[in-house]
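The structure appears below as structure tokens.
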Amino acid sequence: MKHRKKRTILATIQIPRRFLFWCTLLLVCFAGFTFSSVRLLFRGFHPWRLAAKTAISGVSPEFSIIETVEFPDETLVFLKYPPLTPLFTKHDIDCLYLTPNNSSQSPHSVENDELLSQQIIHCPMINPRGMLTSLSVEPTGHTFPIGPTRRWHSLAYEAMIDHDNTTIVFVKGFNLRGGKQSDPSKFKCVYGWDIKKPKLLLQSDVISIAQEIVRCETPLSILNNPQRFIGSNMDQPIKVSVRMVGKEPLESIASPKRRLQLNLPGQKQHQMCVCTMLRNQASFLQEWIMYHSKIGVQRWFIYDNNSLDDIEDVVKVLSVDQNINVTRHVWPWIKTQEAGFAHCSLRARDVCEWVGFMDVDEFFHLPTALSLLDVLRNQSQNSNSNVAELRVSCHNFGPSGLKQVPAQGVTMGYNCRMIAPERHKSIVKPEALNTTLINVVHHFHLKSGFRYANMDRNVMVINHYKYQVWDVFKEKFYRRVATYVSDWQQDRNIESKDRAPGLGTRAVEPLDWSSRFCEVIDTGLRDRVAEMFTDPNTGHLPWQKSRT
């Protein structure tokens with residue numbers, strides 16, 4: 001990222017709290033307080049308020065640090081910006097730590113969210129492990145403290161008010177079984193501006209709970225005017241959390257908002273949409289989106305799971321230069337692919353007739369040269385109206401003898417696969433999904449009265465470029481995104497189909513990697529892509545031009 005030309009000068013306006021913060025740090029150093037003691041002292045604080053004097057307007061709009069969440073390998077700091085305020089880049093900020101040497105380090109990345117108008121600072125964990133205490137803004141060196149930090153392993157992290165006025169809460173910490181419903185009578189939802197103050201909380205019943213997804217009855221006072229909730233601190237939004245009966249609620253950073261589009265009369269705006277979650281896949285995104293746009297995908301929901309590459313720029317090129325309807329949604333939560341897909345299904349419900357849930361290394365292939373829209377139209381005409389899920393078989397492709405990323409792209413480079421298909425991915429009607437939103441990445445559970453249909457492999461399959469050249473494949477060893485899939489570094493479920501057969505638990509390249517997973521040559525999709533996209537003058541493909 002480039003430096004901001006007109007920098008923001010910061011000044012804290014709550015001197016007593018800042019004074020208390022530094023006094024607390026001195027106590028840590030000289031009185032033997034533990035880091036956990038420091039966090040307890042901070043727990044009652046409200047977000048730190050700061051003033052930003054901008055050279056653009058000459059005014060002092062307020063912004064705030066609204067939340068801080070500690071992950072196993074980094075800490076996320078959520079900043080709320082007023083409209084038209086220049087955003088920080090990673091070159092503007094240093095993360096400061098309480099260590100013997102008072103260490104500082106630049107953040108991994110700085111992101112802004114497409115829906116929430118927030119900015120997220122990713123501060124890395126350091127060794128020896130030090131507590132993140134503050135952010136420093138360059139070039140002035142002004143610092144401001146972090147405030148209370150939430151722990152990722154026990155947290156209500158997202159919330160949304162659904163079409164039927166129920167609240168959907170996404171949580172970590174209950175360790176519920178994958179693909180199974182739990183007993184809702186054992187849980188309660190709570191609403192308030194401070195979840196740790198039970199006298200200022202509203203309670204409601206849990207309608208359903210499964211995996212990491214809780215559906216709650218929304219109190220009328222929240223629906224009618226959430227900003228006037230009893231005893232509400234107007235500087236903070238109402239939060240929602242979940243508790244087991246007889247226990248304290250999970251900590252929460254989740255504010256229930258309506259983030260859905262209004263119902264549109266008549267036909268949906270788009271017949272075919274796609275949701276995906278990715279990390280560091282920017283170099284493959286153009287090929288994947290341009291191809292699928294050509295065969296009928298009309299709307300894209302990209303959930304960015306902590307990418308460190310230039311994905312934001314790629315999305316901008318696709319949406320502005322290519323006029324493709326694609327948006328990026330920052331989803332920083334680790335091991336939450338099922339929850340992210342459930343979140344996306346809620347957003348897509350009003351505008352999409354069908355939604356495919358798939359990864360960036362998966363490509364729909366239609367051997368008969370039909371478009372996706374043709375297939376969906378034929379399905380609607382030839383089947384009963386209660387078919388709400390189409391299951392598409394996946395063919396796993398191997399490195400196909402390659403040792404370097406193919407310059408012409410994934411579909412052109414890899415042409416050797418396993419004979420037998422493995423698993424499936426689904427295209428669903430979002431309004432037909434079970435209210436629990438249970439999914440196991442490959443497919444959702446449907447409401448009673450709806451059913452699925454298996455697609456004929458002669459009509460449509462998915463080419464899953466699962467085992468690419470080693471430099472690409474080894475990235476999968478870092479922090480698997482699915483909640484109920486073991487990380488490959490762990491000695492668990494060794495025989496799982498989610499692992500690479502025979503690879504073990506270390507990202508060490510086998511000597512024969514480039515020749516593995518190759519049982520049959522399949523050039524069907526490669527031939528179609530070449531026909532559809534090759535420039536007759538240069539022989540190049542459009543995504544190839546962007547790489548060279």
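By order in the structure tokens, chains are A, B, ...; within a chain, residues start at 1; ligands start at 1, following the order shown.
Summary of the local environment: counting only C-alpha atoms, residues at most 9 Å from His108 (chain A), other than itself and those fewer than 6 positions away along its chain, are A:Glu74, A:Lys90, A:Ile121, A:His122, A:Cys123, A:Pro124, A:Leu308.
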Go ahead and write the residues just picked, N, CA, C and O atoms, as an mmCIF file, in the first residue's frame.
data_model
loop_
_atom_site.group_PDB
_atom_site.id
_atom_site.type_symbol
_atom_site.label_atom_id
_atom_site.label_comp_id
_atom_site.auth_asym_id
_atom_site.auth_seq_id
_atom_site.Cartn_x
_atom_site.Cartn_y
_atom_site.Cartn_z
ATOM 1 N N GLU A 74 -1.906 -13.781 16.505
ATOM 2 C CA GLU A 74 -1.970 -12.354 16.254
ATOM 3 C C GLU A 74 -3.105 -11.741 17.063
ATOM 4 O O GLU A 74 -3.959 -12.454 17.609
ATOM 5 N N LYS A 90 -0.505 0.183 6.673
ATOM 6 C CA LYS A 90 0.381 -0.497 7.615
ATOM 7 C C LYS A 90 1.666 0.292 7.858
ATOM 8 O O LYS A 90 2.364 0.048 8.840
ATOM 9 N N ILE A 121 -6.669 -3.856 12.158
ATOM 10 C CA ILE A 121 -5.208 -3.902 12.236
ATOM 11 C C ILE A 121 -4.800 -5.283 12.747
ATOM 12 O O ILE A 121 -5.269 -5.717 13.799
ATOM 13 N N HIS A 122 -3.939 -5.982 12.000
ATOM 14 C CA HIS A 122 -3.454 -7.310 12.398
ATOM 15 C C HIS A 122 -2.074 -7.151 13.038
ATOM 16 O O HIS A 122 -1.071 -6.978 12.340
ATOM 17 N N CYS A 123 -1.997 -7.211 14.363
ATOM 18 C CA CYS A 123 -0.716 -7.107 15.067
ATOM 19 C C CYS A 123 -0.193 -8.511 15.379
ATOM 20 O O CYS A 123 -0.884 -9.299 16.035
ATOM 21 N N PRO A 124 1.012 -8.848 14.927
ATOM 22 C CA PRO A 124 1.520 -10.210 15.135
ATOM 23 C C PRO A 124 1.874 -10.470 16.591
ATOM 24 O O PRO A 124 2.220 -9.543 17.336
ATOM 25 N N LEU A 308 -2.959 -11.750 2.860
ATOM 26 C CA LEU A 308 -1.834 -10.824 2.933
ATOM 27 C C LEU A 308 -1.377 -10.377 1.543
ATOM 28 O O LEU A 308 -0.370 -9.699 1.417
#
*Polymer residues at most 9 Å from Ser104 (chain A), only C-alpha atoms, same-chain spacing of 4 or more positions, as an MDAnalysis selection string*: chainID A and resid 94:97 136
*Enumerate, as JSON, numbers by chain, the complete set of residues in region 291-386 of chain A that a backbone-based DSSP assignment places in strand (DSSP E).*
{"A": [299, 300, 301, 302, 303, 304, 326, 327, 328, 329, 330, 352, 353, 354, 355, 356, 357, 362, 363, 364, 365]}
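Picture a line from CA of Val110 (chain A) to CA of Thr89 (chain A); it runs 6.1 Å.
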_Could you tell me how far CA of Pro430 (chain A) sits from CA of Lys447 (chain A), in Å to one decimal place?_
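If I compute the distance from CA of Lys447 (chain A) to CA of Pro430 (chain A), I get 10.4 Å.
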*Kindly give the distance, in Å, that separates CA of Gln468 (chain A) and CA of Asp361 (chain A), rounded to a single decimal.*
9.2 Å
_Surrounding residues of Glu158 (chain A) excluding itself and chain neighbours under 6 positions, 10 Å, only C-alpha atoms, as number ranges by chain_ = A: 168-171, 213, 239-241, 252-257, 331, 333, 339-340, 343
*Find the residues near Ala342 (chain A): any atom within 8 Å, counting only C-alpha atoms, skip ones fewer than 4 places away on the same chain, and give them as a ChimeraX atom specification.*
/A:338,346,437-439
Residues of the last selection are to be written out with C-alpha atoms, as an mmCIF file, in the first residue's frame.
data_model
loop_
_atom_site.group_PDB
_atom_site.id
_atom_site.type_symbol
_atom_site.label_atom_id
_atom_site.label_comp_id
_atom_site.auth_asym_id
_atom_site.auth_seq_id
_atom_site.Cartn_x
_atom_site.Cartn_y
_atom_site.Cartn_z
ATOM 1 C CA GLU A 338 -19.138 -23.194 7.794
ATOM 2 C CA LEU A 346 -28.385 -14.966 4.563
ATOM 3 C CA LEU A 437 -28.170 -23.129 8.666
ATOM 4 C CA ILE A 438 -26.263 -26.354 9.362
ATOM 5 C CA ASN A 439 -23.705 -27.048 6.648
#
*So which one's closest to Gln269 (chain A), A:Trp543, A:Phe71, A:Phe144, A:Trp354? Using only C-alpha atoms, please.*
A:Trp354
Identify, on the basis of only C-alpha atoms, every residue whose closest approach to region 275-283 of chain A does not exceed 8 Å; exclude the query and any residue fewer than 4 positions from it along the same chain; express the result as a PDB file with N, CA, C and O atoms, in the first residue's frame.
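Wrote it out as out_15.pdb, contents follow:
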ATOM      1  N   TRP A 300     -21.000 -12.311  -7.090  1.00  0.00           N
ATOM      2  CA  TRP A 300     -19.941 -12.961  -6.331  1.00  0.00           C
ATOM      3  C   TRP A 300     -19.854 -12.367  -4.926  1.00  0.00           C
ATOM      4  O   TRP A 300     -19.813 -11.155  -4.754  1.00  0.00           O
ATOM      5  N   PHE A 301     -19.789 -13.245  -3.928  1.00  0.00           N
ATOM      6  CA  PHE A 301     -19.556 -12.850  -2.540  1.00  0.00           C
ATOM      7  C   PHE A 301     -18.216 -13.450  -2.115  1.00  0.00           C
ATOM      8  O   PHE A 301     -18.113 -14.661  -1.911  1.00  0.00           O
ATOM      9  N   ILE A 302     -17.192 -12.611  -1.986  1.00  0.00           N
ATOM     10  CA  ILE A 302     -15.848 -13.071  -1.641  1.00  0.00           C
ATOM     11  C   ILE A 302     -15.612 -12.812  -0.160  1.00  0.00           C
ATOM     12  O   ILE A 302     -15.585 -11.658   0.283  1.00  0.00           O
ATOM     13  N   TYR A 303     -15.452 -13.877   0.632  1.00  0.00           N
ATOM     14  CA  TYR A 303     -15.145 -13.751   2.052  1.00  0.00           C
ATOM     15  C   TYR A 303     -13.634 -13.905   2.231  1.00  0.00           C
ATOM     16  O   TYR A 303     -13.081 -14.992   2.031  1.00  0.00           O
ATOM     17  N   ASP A 304     -12.978 -12.812   2.583  1.00  0.00           N
ATOM     18  CA  ASP A 304     -11.523 -12.757   2.672  1.00  0.00           C
ATOM     19  C   ASP A 304     -11.090 -13.124   4.090  1.00  0.00           C
ATOM     20  O   ASP A 304     -11.326 -12.376   5.040  1.00  0.00           O
ATOM     21  N   ASN A 305     -10.430 -14.282   4.223  1.00  0.00           N
ATOM     22  CA  ASN A 305     -10.036 -14.809   5.520  1.00  0.00           C
ATOM     23  C   ASN A 305      -8.564 -14.503   5.795  1.00  0.00           C
ATOM     24  O   ASN A 305      -7.702 -15.369   5.721  1.00  0.00           O
ATOM     25  N   ASN A 306      -8.277 -13.208   6.053  1.00  0.00           N
ATOM     26  CA  ASN A 306      -6.945 -12.753   6.477  1.00  0.00           C
ATOM     27  C   ASN A 306      -5.880 -12.867   5.386  1.00  0.00           C
ATOM     28  O   ASN A 306      -4.748 -13.274   5.643  1.00  0.00           O
ATOM     29  N   SER A 307      -6.228 -12.474   4.175  1.00  0.00           N
ATOM     30  CA  SER A 307      -5.243 -12.499   3.087  1.00  0.00           C
ATOM     31  C   SER A 307      -4.164 -11.436   3.303  1.00  0.00           C
ATOM     32  O   SER A 307      -4.426 -10.349   3.828  1.00  0.00           O
ATOM     33  N   LEU A 308      -2.959 -11.750   2.860  1.00  0.00           N
ATOM     34  CA  LEU A 308      -1.834 -10.824   2.933  1.00  0.00           C
ATOM     35  C   LEU A 308      -1.377 -10.377   1.543  1.00  0.00           C
ATOM     36  O   LEU A 308      -0.370  -9.699   1.417  1.00  0.00           O
ATOM     37  N   ASP A 309      -2.115 -10.800   0.505  1.00  0.00           N
ATOM     38  CA  ASP A 309      -1.720 -10.429  -0.854  1.00  0.00           C
ATOM     39  C   ASP A 309      -2.571  -9.237  -1.313  1.00  0.00           C
ATOM     40  O   ASP A 309      -3.185  -8.550  -0.501  1.00  0.00           O
ATOM     41  N   ASP A 310      -2.611  -8.997  -2.623  1.00  0.00           N
ATOM     42  CA  ASP A 310      -3.273  -7.796  -3.152  1.00  0.00           C
ATOM     43  C   ASP A 310      -4.695  -8.088  -3.613  1.00  0.00           C
ATOM     44  O   ASP A 310      -5.147  -7.582  -4.635  1.00  0.00           O
ATOM     45  N   ILE A 311      -5.444  -8.883  -2.843  1.00  0.00           N
ATOM     46  CA  ILE A 311      -6.791  -9.273  -3.259  1.00  0.00           C
ATOM     47  C   ILE A 311      -7.706  -8.074  -3.444  1.00  0.00           C
ATOM     48  O   ILE A 311      -8.544  -8.051  -4.352  1.00  0.00           O
ATOM     49  N   VAL A 314      -7.273  -6.739  -6.872  1.00  0.00           N
ATOM     50  CA  VAL A 314      -7.814  -7.645  -7.893  1.00  0.00           C
ATOM     51  C   VAL A 314      -9.329  -7.518  -7.961  1.00  0.00           C
ATOM     52  O   VAL A 314      -9.911  -7.467  -9.053  1.00  0.00           O
ATOM     53  N   GLN A 337     -15.235 -21.617   8.290  1.00  0.00           N
ATOM     54  CA  GLN A 337     -15.775 -21.627   6.929  1.00  0.00           C
ATOM     55  C   GLN A 337     -17.273 -21.932   6.920  1.00  0.00           C
ATOM     56  O   GLN A 337     -18.024 -21.307   6.167  1.00  0.00           O
ATOM     57  N   GLY A 340     -19.074 -18.831   7.948  1.00  0.00           N
ATOM     58  CA  GLY A 340     -19.008 -17.833   6.887  1.00  0.00           C
ATOM     59  C   GLY A 340     -19.969 -18.130   5.752  1.00  0.00           C
ATOM     60  O   GLY A 340     -20.617 -17.223   5.211  1.00  0.00           O
ATOM     61  N   PHE A 341     -20.089 -19.412   5.384  1.00  0.00           N
ATOM     62  CA  PHE A 341     -21.029 -19.774   4.329  1.00  0.00           C
ATOM     63  C   PHE A 341     -22.473 -19.555   4.780  1.00  0.00           C
ATOM     64  O   PHE A 341     -23.331 -19.150   3.991  1.00  0.00           O
ATOM     65  N   CYS A 344     -23.117 -15.898   4.497  1.00  0.00           N
ATOM     66  CA  CYS A 344     -23.285 -15.519   3.097  1.00  0.00           C
ATOM     67  C   CYS A 344     -24.652 -15.944   2.573  1.00  0.00           C
ATOM     68  O   CYS A 344     -25.277 -15.225   1.776  1.00  0.00           O
ATOM     69  N   VAL A 355     -27.431 -20.384  -5.272  1.00  0.00           N
ATOM     70  CA  VAL A 355     -26.105 -19.996  -4.785  1.00  0.00           C
ATOM     71  C   VAL A 355     -25.218 -21.226  -4.743  1.00  0.00           C
ATOM     72  O   VAL A 355     -25.592 -22.254  -4.170  1.00  0.00           O
ATOM     73  N   GLY A 356     -24.025 -21.120  -5.353  1.00  0.00           N
ATOM     74  CA  GLY A 356     -23.029 -22.178  -5.268  1.00  0.00           C
ATOM     75  C   GLY A 356     -22.019 -21.850  -4.184  1.00  0.00           C
ATOM     76  O   GLY A 356     -21.574 -20.703  -4.063  1.00  0.00           O
ATOM     77  N   PHE A 357     -21.648 -22.852  -3.388  1.00  0.00           N
ATOM     78  CA  PHE A 357     -20.641 -22.693  -2.337  1.00  0.00           C
ATOM     79  C   PHE A 357     -19.428 -23.531  -2.726  1.00  0.00           C
ATOM     80  O   PHE A 357     -19.495 -24.757  -2.768  1.00  0.00           O
ATOM     81  N   MET A 358     -18.323 -22.848  -3.031  1.00  0.00           N
ATOM     82  CA  MET A 358     -17.178 -23.550  -3.598  1.00  0.00           C
ATOM     83  C   MET A 358     -15.900 -22.774  -3.306  1.00  0.00           C
ATOM     84  O   MET A 358     -15.941 -21.648  -2.767  1.00  0.00           O
ATOM     85  N   ASP A 359     -14.760 -23.375  -3.665  1.00  0.00           N
ATOM     86  CA  ASP A 359     -13.450 -22.771  -3.436  1.00  0.00           C
ATOM     87  C   ASP A 359     -12.859 -22.262  -4.749  1.00  0.00           C
ATOM     88  O   ASP A 359     -13.319 -22.619  -5.840  1.00  0.00           O
ATOM     89  N   VAL A 360     -11.794 -21.474  -4.620  1.00  0.00           N
ATOM     90  CA  VAL A 360     -11.187 -20.841  -5.786  1.00  0.00           C
ATOM     91  C   VAL A 360     -10.456 -21.841  -6.671  1.00  0.00           C
ATOM     92  O   VAL A 360     -10.165 -21.556  -7.827  1.00  0.00           O
TER      93      VAL A 360
END
*Residue among A:Ala453, A:Val137, A:Val69, A:Ile195 lying closest to His91 (chain A), counting only C-alpha atoms*: A:Val137
_Taking 2 positions as the minimum chain separation for residues in the same chain, which residues sit within 9 Å of Tyr191 (chain A) when counting only C-alpha atoms? Answer as a list in words._
Cys189, Trp193, Asp194, Ile195, Leu200, Leu201, Leu202, Gln203, Ser204, Thr218, Pro219, Ile222, Ile238, Lys239, Val240, Ser241 and Val242 of chain A
*asked:* Excluding Ser182 (chain A) and its own-chain neighbours fewer than 3 positions away, which residues fall within 10 Å of it when counting only C-alpha atoms? Please give them as a list in words.
replied: Leu176, Arg177, Gly179, Ser185, Lys186, Phe187, Ser208, Ile209, Ala210, Gln211 and Val214 of chain A
With N, CA, C and O atoms kept, could you save the residues just selected as a PDB file, in the first residue's frame?
ATOM      1  N   LEU A 176     -19.739 -27.468  19.960  1.00  0.00           N
ATOM      2  CA  LEU A 176     -20.864 -28.317  19.584  1.00  0.00           C
ATOM      3  C   LEU A 176     -20.477 -29.224  18.414  1.00  0.00           C
ATOM      4  O   LEU A 176     -19.588 -28.902  17.629  1.00  0.00           O
ATOM      5  N   ARG A 177     -21.146 -30.348  18.280  1.00  0.00           N
ATOM      6  CA  ARG A 177     -20.819 -31.311  17.235  1.00  0.00           C
ATOM      7  C   ARG A 177     -21.157 -30.756  15.861  1.00  0.00           C
ATOM      8  O   ARG A 177     -22.155 -30.044  15.673  1.00  0.00           O
ATOM      9  N   GLY A 179     -22.650 -30.718  12.184  1.00  0.00           N
ATOM     10  CA  GLY A 179     -23.754 -31.337  11.480  1.00  0.00           C
ATOM     11  C   GLY A 179     -24.906 -31.787  12.353  1.00  0.00           C
ATOM     12  O   GLY A 179     -25.823 -32.452  11.868  1.00  0.00           O
ATOM     13  N   SER A 185     -33.141 -25.445  24.644  1.00  0.00           N
ATOM     14  CA  SER A 185     -33.611 -25.088  25.988  1.00  0.00           C
ATOM     15  C   SER A 185     -32.464 -24.948  26.987  1.00  0.00           C
ATOM     16  O   SER A 185     -32.650 -24.408  28.080  1.00  0.00           O
ATOM     17  N   LYS A 186     -31.286 -25.425  26.634  1.00  0.00           N
ATOM     18  CA  LYS A 186     -30.131 -25.329  27.522  1.00  0.00           C
ATOM     19  C   LYS A 186     -29.363 -24.021  27.358  1.00  0.00           C
ATOM     20  O   LYS A 186     -28.334 -23.822  28.013  1.00  0.00           O
ATOM     21  N   PHE A 187     -29.861 -23.128  26.498  1.00  0.00           N
ATOM     22  CA  PHE A 187     -29.151 -21.888  26.206  1.00  0.00           C
ATOM     23  C   PHE A 187     -30.105 -20.701  26.264  1.00  0.00           C
ATOM     24  O   PHE A 187     -31.319 -20.840  26.100  1.00  0.00           O
ATOM     25  N   SER A 208     -32.922 -22.167  17.913  1.00  0.00           N
ATOM     26  CA  SER A 208     -32.143 -23.321  17.451  1.00  0.00           C
ATOM     27  C   SER A 208     -30.673 -23.024  17.692  1.00  0.00           C
ATOM     28  O   SER A 208     -30.249 -21.858  17.722  1.00  0.00           O
ATOM     29  N   ILE A 209     -29.895 -24.095  17.860  1.00  0.00           N
ATOM     30  CA  ILE A 209     -28.452 -23.949  18.020  1.00  0.00           C
ATOM     31  C   ILE A 209     -27.784 -25.164  17.408  1.00  0.00           C
ATOM     32  O   ILE A 209     -28.162 -26.308  17.680  1.00  0.00           O
ATOM     33  N   ALA A 210     -26.804 -24.911  16.545  1.00  0.00           N
ATOM     34  CA  ALA A 210     -26.086 -25.987  15.862  1.00  0.00           C
ATOM     35  C   ALA A 210     -24.729 -25.464  15.419  1.00  0.00           C
ATOM     36  O   ALA A 210     -24.623 -24.340  14.910  1.00  0.00           O
ATOM     37  N   GLN A 211     -23.690 -26.276  15.603  1.00  0.00           N
ATOM     38  CA  GLN A 211     -22.337 -25.903  15.216  1.00  0.00           C
ATOM     39  C   GLN A 211     -21.955 -24.581  15.901  1.00  0.00           C
ATOM     40  O   GLN A 211     -21.917 -24.515  17.112  1.00  0.00           O
ATOM     41  N   VAL A 214     -26.354 -19.728  16.291  1.00  0.00           N
ATOM     42  CA  VAL A 214     -27.452 -19.682  17.255  1.00  0.00           C
ATOM     43  C   VAL A 214     -28.523 -18.745  16.709  1.00  0.00           C
ATOM     44  O   VAL A 214     -28.227 -17.620  16.298  1.00  0.00           O
TER      45      VAL A 214
END
_From A:Ile462, A:Ser293, A:Arg129, A:Lys335, residue lying nearest Ser319 (chain A) [only C-alpha atoms]_ = A:Ser293
*Proximity to Phe284 (chain A) - best of A:Gln544, A:His443, A:Leu132, A:Val428, only C-alpha atoms*: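 Of A:Gln544, A:His443, A:Leu132, A:Val428, the one nearest Phe284 (chain A), counting only C-alpha atoms, is A:Gln544.
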